[in-house]
file input_10.pdb (PDB, C-alpha atoms and all ligand atoms)
ATOM      1  CA  MET A 397      83.638 105.346 145.389
ATOM      2  CA  THR A 398      81.389 104.436 142.445
ATOM      3  CA  HIS A 399      78.179 103.193 143.972
ATOM      4  CA  ASN A 400      77.957  99.474 144.715
ATOM      5  CA  GLN A 401      79.927  98.328 141.687
ATOM      6  CA  LYS A 402      80.318  94.552 141.522
ATOM      7  CA  VAL A 403      83.762  93.112 142.290
ATOM      8  CA  ARG A 404      84.854  91.058 139.257
ATOM      9  CA  LYS A 405      88.644  91.036 139.444
ATOM     10  CA  ALA A 406      91.172  89.919 142.042
ATOM     11  CA  VAL A 407      94.829  90.856 142.384
ATOM     12  CA  VAL A 408      97.040  88.137 143.826
ATOM     13  CA  PRO A 409     100.580  89.423 144.484
ATOM     14  CA  VAL A 410     103.117  86.602 144.311
ATOM     15  CA  ALA A 411     106.293  88.510 143.523
ATOM     16  CA  GLY A 412     107.811  88.281 147.017
ATOM     17  CA  LEU A 413     111.098  86.488 147.650
ATOM     18  CA  GLY A 414     109.824  84.143 150.359
ATOM     19  CA  THR A 415     112.955  84.525 152.468
ATOM     20  CA  ARG A 416     111.243  83.131 155.583
ATOM     21  CA  PHE A 417     110.961  79.816 153.775
ATOM     22  CA  LEU A 418     114.569  79.408 152.610
ATOM     23  CA  PRO A 419     116.202  77.178 151.525
ATOM     24  CA  VAL A 420     113.248  75.636 149.650
ATOM     25  CA  THR A 421     112.256  78.992 148.130
ATOM     26  CA  LYS A 422     115.691  79.417 146.536
ATOM     27  CA  THR A 423     114.271  77.686 143.436
ATOM     28  CA  ILE A 424     110.627  76.864 144.249
ATOM     29  CA  PRO A 425     108.086  79.659 144.628
ATOM     30  CA  LYS A 426     106.600  79.689 148.137
ATOM     31  CA  GLU A 427     103.121  79.681 146.545
ATOM     32  CA  MET A 428     103.878  76.314 144.890
ATOM     33  CA  LEU A 429     104.583  74.475 148.148
ATOM     34  CA  PRO A 430     101.905  71.803 148.573
ATOM     35  CA  ILE A 431      99.190  71.754 151.190
ATOM     36  CA  VAL A 432      98.548  67.981 150.974
ATOM     37  CA  ASP A 433      98.499  67.642 147.158
ATOM     38  CA  LYS A 434      97.660  71.115 145.869
ATOM     39  CA  PRO A 435      99.995  74.112 145.810
ATOM     40  CA  SER A 436      98.862  76.745 148.304
ATOM     41  CA  ILE A 437      98.146  79.194 145.443
ATOM     42  CA  GLN A 438      95.430  76.838 144.171
ATOM     43  CA  TYR A 439      93.503  77.216 147.459
ATOM     44  CA  ILE A 440      93.655  81.001 146.950
ATOM     45  CA  VAL A 441      92.466  80.867 143.323
ATOM     46  CA  GLU A 442      89.664  78.439 144.264
ATOM     47  CA  GLU A 443      88.528  80.766 147.056
ATOM     48  CA  ALA A 444      88.346  83.666 144.584
ATOM     49  CA  VAL A 445      86.503  81.624 141.949
ATOM     50  CA  CYS A 446      83.987  80.245 144.499
ATOM     51  CA  SER A 447      83.324  83.861 145.514
ATOM     52  CA  GLY A 448      82.374  84.877 141.968
ATOM     53  CA  ILE A 449      85.651  86.458 140.807
ATOM     54  CA  GLU A 450      85.925  86.330 137.002
ATOM     55  CA  GLN A 451      89.528  87.375 136.436
ATOM     56  CA  ILE A 452      92.672  86.848 138.486
ATOM     57  CA  ILE A 453      95.685  89.079 138.049
ATOM     58  CA  PHE A 454      98.916  87.608 139.355
ATOM     59  CA  VAL A 455     101.624  90.146 140.118
ATOM     60  CA  ASN A 456     104.657  87.975 139.556
ATOM     61  CA  SER A 457     108.437  88.250 139.205
ATOM     62  CA  SER A 458     111.011  86.415 137.122
ATOM     63  CA  GLY A 459     111.795  82.832 138.098
ATOM     64  CA  LYS A 460     108.295  82.129 139.425
ATOM     65  CA  GLU A 461     106.583  81.152 136.156
ATOM     66  CA  ALA A 462     105.556  77.801 137.666
ATOM     67  CA  ILE A 463     102.664  79.704 139.299
ATOM     68  CA  GLU A 464     100.964  80.678 136.032
ATOM     69  CA  ASP A 465     101.949  77.377 134.376
ATOM     70  CA  HIS A 466     100.029  75.541 137.087
ATOM     71  CA  PHE A 467      96.756  77.037 135.784
ATOM     72  CA  ASP A 468      97.641  76.570 132.100
ATOM     73  CA  THR A 469      97.234  73.489 129.902
ATOM     74  CA  ASN A 470     100.125  71.020 129.710
ATOM     75  CA  LEU A 471      99.701  69.232 126.371
ATOM     76  CA  GLN A 472     102.438  66.696 127.047
ATOM     77  CA  LEU A 473     100.903  65.694 130.375
ATOM     78  CA  ASP A 474      97.409  65.578 128.817
ATOM     79  CA  ALA A 475      98.676  63.184 126.100
ATOM     80  CA  ILE A 476     100.250  60.898 128.706
ATOM     81  CA  LEU A 477      97.067  60.838 130.825
ATOM     82  CA  GLN A 478      95.007  60.045 127.681
ATOM     83  CA  LYS A 479      97.326  57.110 126.946
ATOM     84  CA  LYS A 480      97.033  55.919 130.541
ATOM     85  CA  LYS A 481      93.234  56.241 130.270
ATOM     86  CA  ASP A 482      92.876  57.948 133.640
ATOM     87  CA  PRO A 483      89.571  59.835 133.314
ATOM     88  CA  ARG A 484      89.670  61.223 136.882
ATOM     89  CA  LEU A 485      93.051  62.877 136.454
ATOM     90  CA  ILE A 486      92.221  64.032 132.897
ATOM     91  CA  GLU A 487      89.110  65.765 134.248
ATOM     92  CA  GLU A 488      90.979  67.263 137.211
ATOM     93  CA  MET A 489      93.694  68.718 134.960
ATOM     94  CA  LYS A 490      91.074  70.096 132.562
ATOM     95  CA  LYS A 491      89.173  71.784 135.392
ATOM     96  CA  LEU A 492      92.377  73.334 136.697
ATOM     97  CA  SER A 493      93.284  74.937 133.376
ATOM     98  CA  GLN A 494      89.740  76.194 132.699
ATOM     99  CA  MET A 495      88.949  77.420 136.186
ATOM    100  CA  VAL A 496      89.243  81.172 135.548
ATOM    101  CA  GLN A 497      90.805  83.772 133.285
ATOM    102  CA  ILE A 498      94.329  84.463 134.530
ATOM    103  CA  THR A 499      96.485  87.423 133.538
ATOM    104  CA  THR A 500      99.994  88.092 134.757
ATOM    105  CA  VAL A 501     101.805  91.359 135.222
ATOM    106  CA  ARG A 502     105.421  91.658 136.356
ATOM    107  CA  GLN A 503     106.780  93.516 139.331
ATOM    108  CA  LYS A 504     110.361  94.105 138.213
ATOM    109  CA  GLU A 505     111.766  94.806 141.681
ATOM    110  CA  PRO A 506     110.380  93.708 145.074
ATOM    111  CA  LEU A 507     109.495  97.238 146.189
ATOM    112  CA  GLY A 508     106.767  96.147 148.598
ATOM    113  CA  LEU A 509     103.161  94.955 148.708
ATOM    114  CA  GLY A 510     101.778  98.438 147.948
ATOM    115  CA  HIS A 511     103.966  98.658 144.854
ATOM    116  CA  ALA A 512     102.971  95.113 143.790
ATOM    117  CA  ILE A 513      99.287  96.092 143.869
ATOM    118  CA  TYR A 514     100.052  99.302 141.975
ATOM    119  CA  CYS A 515     101.518  97.153 139.161
ATOM    120  CA  ALA A 516      97.956  95.856 138.459
ATOM    121  CA  LYS A 517      96.530  99.375 137.966
ATOM    122  CA  ASN A 518      95.996  99.225 134.181
ATOM    123  CA  LEU A 519      94.489  95.747 134.331
ATOM    124  CA  ILE A 520      91.977  96.767 137.006
ATOM    125  CA  GLY A 521      90.923 100.106 135.549
ATOM    126  CA  ASN A 522      88.239 102.089 137.330
ATOM    127  CA  GLU A 523      86.432  99.456 139.382
ATOM    128  CA  PRO A 524      86.628  97.990 142.882
ATOM    129  CA  PHE A 525      88.716  94.833 143.170
ATOM    130  CA  ALA A 526      89.678  92.088 145.597
ATOM    131  CA  VAL A 527      93.203  91.375 146.877
ATOM    132  CA  LEU A 528      94.188  87.947 148.218
ATOM    133  CA  LEU A 529      97.598  87.184 149.722
ATOM    134  CA  GLY A 530      98.830  83.633 149.338
ATOM    135  CA  ASP A 531     100.234  83.318 152.855
ATOM    136  CA  ASP A 532      96.798  83.414 154.469
ATOM    137  CA  LEU A 533      94.722  80.297 153.901
ATOM    138  CA  VAL A 534      91.198  80.523 155.287
ATOM    139  CA  ASP A 535      88.853  77.576 155.602
ATOM    140  CA  ALA A 536      85.310  78.915 155.862
ATOM    141  CA  LYS A 537      81.708  78.008 155.011
ATOM    142  CA  VAL A 538      81.367  81.237 153.022
ATOM    143  CA  PRO A 539      84.777  81.921 151.422
ATOM    144  CA  CYS A 540      86.579  84.728 153.249
ATOM    145  CA  ILE A 541      86.847  87.054 150.234
ATOM    146  CA  GLN A 542      83.150  86.536 149.501
ATOM    147  CA  GLN A 543      82.340  87.715 153.038
ATOM    148  CA  LEU A 544      84.327  90.889 152.288
ATOM    149  CA  MET A 545      82.651  91.313 148.880
ATOM    150  CA  GLN A 546      79.232  91.110 150.574
ATOM    151  CA  ALA A 547      80.253  93.750 153.128
ATOM    152  CA  HIS A 548      81.563  95.950 150.295
ATOM    153  CA  GLN A 549      78.262  95.597 148.442
ATOM    154  CA  ALA A 550      76.197  96.309 151.558
ATOM    155  CA  GLN A 551      78.188  99.310 152.811
ATOM    156  CA  ASN A 552      79.805 100.662 149.631
ATOM    157  CA  ALA A 553      83.116 100.743 151.507
ATOM    158  CA  ASN A 554      86.676  99.503 151.258
ATOM    159  CA  VAL A 555      86.953  96.340 153.341
ATOM    160  CA  VAL A 556      89.931  94.845 155.179
ATOM    161  CA  ALA A 557      89.760  91.378 156.804
ATOM    162  CA  LEU A 558      90.472  91.434 160.552
ATOM    163  CA  MET A 559      91.093  88.699 163.083
ATOM    164  CA  GLU A 560      91.531  88.800 166.833
ATOM    165  CA  VAL A 561      95.027  87.946 168.019
ATOM    166  CA  PRO A 562      96.342  87.458 171.575
ATOM    167  CA  LYS A 563      97.258  90.879 173.070
ATOM    168  CA  ASP A 564     100.937  89.930 173.393
ATOM    169  CA  GLN A 565     101.210  89.208 169.651
ATOM    170  CA  THR A 566     100.063  92.546 168.234
ATOM    171  CA  TYR A 567     103.681  93.468 167.393
ATOM    172  CA  LEU A 568     103.600  90.827 164.642
ATOM    173  CA  TYR A 569     100.691  92.331 162.664
ATOM    174  CA  GLY A 570      99.096  95.431 161.205
ATOM    175  CA  ILE A 571      96.626  96.475 163.921
ATOM    176  CA  ALA A 572      93.391  98.438 163.463
ATOM    177  CA  ASP A 573      92.251 101.397 165.541
ATOM    178  CA  ALA A 574      88.528 100.916 164.966
ATOM    179  CA  SER A 575      85.045 101.005 166.528
ATOM    180  CA  ALA A 576      82.487  98.222 166.214
ATOM    181  CA  GLN A 577      79.435  99.177 164.183
ATOM    182  CA  LYS A 578      76.271  99.057 166.323
ATOM    183  CA  GLU A 579      74.062  97.383 163.730
ATOM    184  CA  ASN A 580      76.719  94.913 162.595
ATOM    185  CA  PRO A 581      78.864  93.408 165.362
ATOM    186  CA  ARG A 582      81.523  91.892 163.066
ATOM    187  CA  ALA A 583      82.130  95.139 161.160
ATOM    188  CA  TYR A 584      84.313  98.004 162.395
ATOM    189  CA  ASP A 585      84.744 101.596 161.264
ATOM    190  CA  VAL A 586      88.478 102.011 160.865
ATOM    191  CA  ARG A 587      90.266 105.205 161.885
ATOM    192  CA  HIS A 588      93.860 104.085 161.373
ATOM    193  CA  PHE A 589      96.122 101.067 160.959
ATOM    194  CA  PHE A 590      99.361 100.695 162.933
ATOM    195  CA  GLU A 591     102.090  98.510 161.475
ATOM    196  CA  LYS A 592     103.448  96.028 164.047
ATOM    197  CA  PRO A 593     102.879  98.211 167.160
ATOM    198  CA  LYS A 594     104.562  97.453 170.479
ATOM    199  CA  ILE A 595     102.194  95.711 172.898
ATOM    200  CA  GLU A 596     101.710  98.906 174.941
ATOM    201  CA  ASP A 597     100.978 101.020 171.839
ATOM    202  CA  ALA A 598      98.464  98.667 170.176
ATOM    203  CA  PRO A 599      95.009 100.311 169.959
ATOM    204  CA  SER A 600      93.249  96.913 169.754
ATOM    205  CA  ASN A 601      93.944  93.243 169.138
ATOM    206  CA  LEU A 602      92.338  93.290 165.671
ATOM    207  CA  ALA A 603      94.966  92.272 163.133
ATOM    208  CA  ILE A 604      94.877  92.655 159.343
ATOM    209  CA  ILE A 605      95.018  89.436 157.332
ATOM    210  CA  GLY A 606      95.616  89.142 153.597
ATOM    211  CA  ARG A 607      92.131  89.768 152.176
ATOM    212  CA  TYR A 608      90.918  93.174 150.969
ATOM    213  CA  VAL A 609      88.296  94.756 148.735
ATOM    214  CA  LEU A 610      89.570  98.125 147.553
ATOM    215  CA  SER A 611      88.379 100.963 145.383
ATOM    216  CA  PRO A 612      90.571 102.158 142.484
ATOM    217  CA  LYS A 613      91.272 105.302 144.535
ATOM    218  CA  ILE A 614      94.050 103.241 146.126
ATOM    219  CA  PHE A 615      96.093 103.436 142.879
ATOM    220  CA  GLU A 616      96.042 107.240 142.956
ATOM    221  CA  ILE A 617      97.242 107.100 146.582
ATOM    222  CA  LEU A 618      99.911 104.437 145.956
ATOM    223  CA  GLU A 619     101.359 106.575 143.177
ATOM    224  CA  THR A 620     102.463 109.158 145.742
ATOM    225  CA  THR A 621     103.043 106.874 148.759
ATOM    226  CA  ARG A 622     106.679 107.168 149.821
ATOM    227  CA  PRO A 623     108.648 104.066 150.797
ATOM    228  CA  GLY A 624     108.048 103.286 154.487
ATOM    229  CA  LYS A 625     109.340 100.451 156.688
ATOM    230  CA  ASN A 626     112.224  98.468 155.059
ATOM    231  CA  GLY A 627     112.278 100.992 152.187
ATOM    232  CA  GLU A 628     109.165  99.285 150.748
ATOM    233  CA  ILE A 629     105.958 100.932 149.547
ATOM    234  CA  GLN A 630     103.587  99.707 152.232
ATOM    235  CA  LEU A 631      99.917  98.981 151.565
ATOM    236  CA  THR A 632      99.152  99.922 155.189
ATOM    237  CA  ASP A 633     100.460 103.476 154.614
ATOM    238  CA  ALA A 634      98.229 103.824 151.536
ATOM    239  CA  LEU A 635      95.230 102.440 153.465
ATOM    240  CA  ASN A 636      95.747 105.112 156.109
ATOM    241  CA  THR A 637      95.595 107.817 153.436
ATOM    242  CA  LEU A 638      92.514 106.106 151.997
ATOM    243  CA  THR A 639      90.664 106.466 155.332
ATOM    244  CA  SER A 640      90.688 110.256 154.898
ATOM    245  CA  HIS A 641      89.069 110.032 151.432
ATOM    246  CA  GLU A 642      86.679 107.077 151.590
ATOM    247  CA  LYS A 643      84.971 104.772 154.062
ATOM    248  CA  VAL A 644      87.247 101.925 155.184
ATOM    249  CA  ILE A 645      85.781  99.163 157.300
ATOM    250  CA  GLY A 646      87.284  96.104 158.945
ATOM    251  CA  LEU A 647      85.400  92.826 158.822
ATOM    252  CA  GLN A 648      85.983  90.139 161.389
ATOM    253  CA  TYR A 649      85.424  87.267 158.962
ATOM    254  CA  GLU A 650      84.146  83.843 160.016
ATOM    255  CA  GLY A 651      86.561  80.975 159.373
ATOM    256  CA  LEU A 652      89.797  79.319 160.360
ATOM    257  CA  ARG A 653      92.977  81.000 159.153
ATOM    258  CA  PHE A 654      96.455  79.506 158.681
ATOM    259  CA  ASP A 655      99.671  81.437 158.108
ATOM    260  CA  ALA A 656     101.144  79.276 155.366
ATOM    261  CA  GLY A 657     104.056  81.722 154.879
ATOM    262  CA  ASP A 658     105.502  80.609 158.196
ATOM    263  CA  LYS A 659     107.010  77.132 158.639
ATOM    264  CA  ILE A 660     104.901  76.085 161.642
ATOM    265  CA  GLY A 661     101.734  77.598 160.162
ATOM    266  CA  PHE A 662     102.433  75.735 156.923
ATOM    267  CA  LEU A 663     102.803  72.407 158.762
ATOM    268  CA  GLU A 664      99.605  73.095 160.715
ATOM    269  CA  ALA A 665      97.716  73.849 157.473
ATOM    270  CA  ASN A 666      98.976  70.595 155.963
ATOM    271  CA  LEU A 667      97.798  68.575 158.957
ATOM    272  CA  TYR A 668      94.428  70.354 159.100
ATOM    273  CA  PHE A 669      93.607  69.955 155.403
ATOM    274  CA  ALA A 670      94.845  66.339 155.396
ATOM    275  CA  LEU A 671      92.716  65.474 158.454
ATOM    276  CA  LYS A 672      89.688  66.878 156.600
ATOM    277  CA  ARG A 673      90.193  64.310 153.827
ATOM    278  CA  PRO A 674      88.344  61.035 154.599
ATOM    279  CA  GLU A 675      90.998  58.965 152.811
ATOM    280  CA  PHE A 676      93.759  60.257 155.121
ATOM    281  CA  LYS A 677      91.980  61.005 158.388
ATOM    282  CA  ASP A 678      92.329  57.670 160.207
ATOM    283  CA  ARG A 679      95.829  56.810 159.049
ATOM    284  CA  LEU A 680      97.144  60.305 159.756
ATOM    285  CA  SER A 681      95.538  60.404 163.215
ATOM    286  CA  LYS A 682      97.256  57.108 163.999
ATOM    287  CA  ILE A 683     100.614  58.452 162.810
ATOM    288  CA  LEU A 684     100.207  61.598 164.925
ATOM    289  CA  ARG A 685      99.427  59.543 168.027
ATOM    290  CA  ARG A 686     102.455  57.330 167.383
ATOM    291  CA  LEU A 687     104.792  60.310 166.879
ATOM    292  CA  GLU A 688     103.630  61.863 170.122
ATOM    293  CA  LEU A 689     104.861  58.788 171.944
TER     294      LEU A 689
HETATM  295  P1  LIG B   1     105.751  89.197 152.522
HETATM  296  O1  LIG B   1     106.079  90.415 153.265
HETATM  297  O2  LIG B   1     105.216  88.032 153.258
HETATM  298  O3  LIG B   1     107.062  88.806 151.708
HETATM  299  O4  LIG B   1     104.746  89.614 151.357
HETATM  300  P2  LIG B   1     107.454  87.451 151.010
HETATM  301  O5  LIG B   1     108.554  87.738 150.064
HETATM  302  O6  LIG B   1     106.270  86.761 150.431
HETATM  303  O7  LIG B   1     107.998  86.505 152.168
HETATM  304  P3  LIG B   1     109.228  86.664 153.187
HETATM  305  O8  LIG B   1     108.771  87.624 154.231
HETATM  306  O9  LIG B   1     110.425  87.146 152.417
HETATM  307  O10 LIG B   1     109.422  85.274 153.685
HETATM  308  C1  LIG B   1     103.338  89.577 151.465
HETATM  309  C2  LIG B   1     102.757  89.332 150.087
HETATM  310  O11 LIG B   1     103.106  90.368 149.180
HETATM  311  C3  LIG B   1     103.781  89.884 148.048
HETATM  312  C4  LIG B   1     104.322  88.532 148.450
HETATM  313  O12 LIG B   1     104.443  87.680 147.330
HETATM  314  C5  LIG B   1     103.261  88.055 149.438
HETATM  315  O13 LIG B   1     102.157  87.484 148.772
HETATM  316  N1  LIG B   1     104.844  90.848 147.685
HETATM  317  C6  LIG B   1     105.619  91.403 148.662
HETATM  318  C7  LIG B   1     105.013  91.203 146.371
HETATM  319  O14 LIG B   1     104.315  90.705 145.460
HETATM  320  N2  LIG B   1     105.988  92.105 146.066
HETATM  321  C8  LIG B   1     106.764  92.691 147.008
HETATM  322  O15 LIG B   1     107.612  93.534 146.654
HETATM  323  C9  LIG B   1     106.585  92.315 148.338
END
call {"tool": "encode", "arguments": {"input": "input_10.pdb", "output": "structure tokens"}}
result
Amino acid sequence: MTHNQKVRKAVVPVAGLGTRFLPVTKTIPKEMLPIVDKPSIQYIVEEAVCSGIEQIIFVNSSGKEAIEDHFDTNLQLDAILQKKKDPRLIEEMKKLSQMVQITTVRQKEPLGLGHAIYCAKNLIGNEPFAVLLGDDLVDAKVPCIQQLMQAHQAQNANVVALMEVPKDQTYLYGIADASAQKENPRAYDVRHFFEKPKIEDAPSNLAIIGRYVLSPKIFEILETTRPGKNGEIQLTDALNTLTSHEKVIGLQYEGLRFDAGDKIGFLEANLYFALKRPEFKDRLSKILRRLEL
């Protein structure tokens, strides 16, 4: 890996079909579902921007243009807000469309997460890059991807975000076979990743979540990675090949993570982020107490 190159670009794959969230995702992209009053994709883009990312590359598919439109200007809406003389909303809309440079590339068929990342190859070029998956929302003092970028800078390694999960849930995740680094208790040297292992086969309870910093070597590997589980080109398979070429570490990030791609996780994220807002906290708490009765 080129020594300590700064991470400037992030790939955000959004081309998935969102079948776990049907029927709403029949016409609305999963990434556009609101967490309180912002689509979940906006939390992801804000995390990247707060971490110093300068360019976001969406890997998108047809029918999901609302995602890139959300970060574009909307002249008609701007004119209406000007007429209504609402300076707060005018400013908010302006900020949204100027937040960061966004580029979109298409994944023409949903051939898997590994393939989606490969679609960004020419836009990334020969430099390390971040990957953020929209399903994982992380609330943290230091944004999750920034924690990974710092570990990448310090160790000149590929970095995968890890979280501890209950032992009986390992079959739901990609699980790391890894040893804790002596000098850095939250970092692990990774030997191998196992995709959704049975409880008795899981080498640890450290699960992969959707944040990575990867070297461009991954593109070379993805090019020859054969379709794996479900006939999809799996990022986990490519990461396993990567471990035999370059250093791959896991970082147990600090923060609270929500699985917004799952219905219950999505509801939990909505309640959590709403309860954090002073204007909703008291009324929402009251409603929750009443519903419990
Ligand atoms: P998931 O496996 O969660 O798939 O993808 P999904 O389509 O989003 O949701 P379900 O399982 O059908 O409900 C993980 C991430 O990879 C992207 C998805 O958009 C999501 O961010 N992805 C997946 C692609 O961009 N392309 C693919 O071919 C597959």
call {"tool": "residues_around", "arguments": {"input": "input_10.pdb", "residues": "Asp535 (chain A)", "least_positions_apart": "6", "cutoff": "12 Å", "atoms": "all atoms listed in the file", "output": "list in words"}}
result
Tyr439, Ile440, Glu442, Glu443, Ile541, Tyr649, Glu650, Gly651, Leu652, Arg653, Phe654, Asp655, Ala665, Tyr668, Phe669 and Lys672 of chain A
call {"tool": "residues_near_ligand", "arguments": {"input": "input_10.pdb", "ligand": "ligand LIG 1 (chain B)", "cutoff": "7 Å", "atoms": "all atoms listed in the file", "output": "VMD selection string"}}
result
chain A and resid 409 to 417 455 to 456 503 505 to 509 511 to 512 529 to 531 657
call {"tool": "resolve_selection", "arguments": {"input": "input_10.pdb", "expression": "the PyMOL selection byres (((chain A and resi 550-567) around 6) and not hetatm)", "output": "MDAnalysis selection string"}}
result
chainID A and resid 400 547:549 568:569 592:595 601:605 607:610 643:648
call {"tool": "closest_residue", "arguments": {"input": "input_10.pdb", "among": "A:Ile449, A:Ile617, A:Val527, A:Leu533", "to": "Asp658 (chain A)", "atoms": "only C-alpha atoms"}}
result
A:Leu533
call {"tool": "closest_residue", "arguments": {"input": "input_10.pdb", "among": "A:Ala462, A:Val432, A:Val403, A:Val586", "to": "Phe676 (chain A)", "atoms": "only C-alpha atoms"}}
result
A:Val432
call {"tool": "atom_distance", "arguments": {"input": "input_10.pdb", "atom1": "CA of His588 (chain A)", "atom2": "CA of Gln630 (chain A)"}}
result
14.0 Å
call {"tool": "resolve_selection", "arguments": {"input": "input_10.pdb", "expression": "the PyMOL selection byres (((chain A and resi 632) around 10) and not hetatm)", "output": "list of chain:residue names"}}
result
A:Leu509, A:Gly510, A:Gly570, A:Ile571, A:His588, A:Phe589, A:Phe590, A:Glu591, A:Ile604, A:Gly624, A:Ile629, A:Gln630, A:Leu631, A:Asp633, A:Ala634, A:Leu635, A:Asn636, A:Thr637, A:Leu638
call {"tool": "resolve_selection", "arguments": {"input": "input_10.pdb", "expression": "the PyMOL selection byres (((chain A and resi 611) around 9) and not hetatm)", "output": "PDB file with C-alpha atoms, keeping the file's coordinate frame"}}
result
ATOM      1  CA  MET A 397      83.638 105.346 145.389  1.00  0.00           C
ATOM      2  CA  THR A 398      81.389 104.436 142.445  1.00  0.00           C
ATOM      3  CA  ASN A 522      88.239 102.089 137.330  1.00  0.00           C
ATOM      4  CA  GLU A 523      86.432  99.456 139.382  1.00  0.00           C
ATOM      5  CA  PRO A 524      86.628  97.990 142.882  1.00  0.00           C
ATOM      6  CA  PHE A 525      88.716  94.833 143.170  1.00  0.00           C
ATOM      7  CA  ALA A 526      89.678  92.088 145.597  1.00  0.00           C
ATOM      8  CA  ALA A 553      83.116 100.743 151.507  1.00  0.00           C
ATOM      9  CA  ASN A 554      86.676  99.503 151.258  1.00  0.00           C
ATOM     10  CA  VAL A 609      88.296  94.756 148.735  1.00  0.00           C
ATOM     11  CA  LEU A 610      89.570  98.125 147.553  1.00  0.00           C
ATOM     12  CA  PRO A 612      90.571 102.158 142.484  1.00  0.00           C
ATOM     13  CA  LYS A 613      91.272 105.302 144.535  1.00  0.00           C
ATOM     14  CA  ILE A 614      94.050 103.241 146.126  1.00  0.00           C
ATOM     15  CA  PHE A 615      96.093 103.436 142.879  1.00  0.00           C
ATOM     16  CA  GLU A 642      86.679 107.077 151.590  1.00  0.00           C
TER      17      GLU A 642
END
call {"tool": "atom_distance", "arguments": {"input": "input_10.pdb", "atom1": "CA of Leu680 (chain A)", "atom2": "CA of Lys490 (chain A)"}}
result
29.5 Å
call {"tool": "atom_distance", "arguments": {"input": "input_10.pdb", "atom1": "CA of Ile463 (chain A)", "atom2": "CA of Ser493 (chain A)"}}
result
12.1 Å
call {"tool": "axis_aligned_box", "arguments": {"input": "input_10.pdb", "around": "region 441-456 of chain A", "padding_each_side": "5 Å", "output": "JSON"}}
result
{"center_x": 93.5, "center_y": 84.3, "center_z": 141.7, "size_x": 32.3, "size_y": 21.7, "size_z": 20.6}
call {"tool": "residues_around", "arguments": {"input": "input_10.pdb", "residues": "Leu418 (chain A)", "least_positions_apart": "6", "cutoff": "10 Å", "atoms": "all atoms listed in the file", "output": "list of chain:residue names"}}
result
A:Ile424, A:Lys426, A:Lys659
call {"tool": "closest_residue", "arguments": {"input": "input_10.pdb", "among": "A:Ala576, A:Ala516, A:Ala406, A:Leu618", "to": "Ser447 (chain A)", "atoms": "all atoms listed in the file"}}
result
A:Ala406
call {"tool": "residues_around", "arguments": {"input": "input_10.pdb", "residues": "Glu461 (chain A)", "least_positions_apart": "6", "cutoff": "12 Å", "atoms": "only C-alpha atoms", "output": "ChimeraX atom specification"}}
result
/A:410-411,423-425,427-428,454-455,467-468,500-502
call {"tool": "closest_residue", "arguments": {"input": "input_10.pdb", "among": "A:Ile476, A:Leu671, A:Ile520, A:Cys446", "to": "Lys537 (chain A)", "atoms": "only C-alpha atoms"}}
result
A:Cys446
call {"tool": "closest_residue", "arguments": {"input": "input_10.pdb", "among": "A:Lys504, A:Gly521, A:Arg686, A:Asp465", "to": "Leu492 (chain A)", "atoms": "all atoms listed in the file"}}
result
A:Asp465
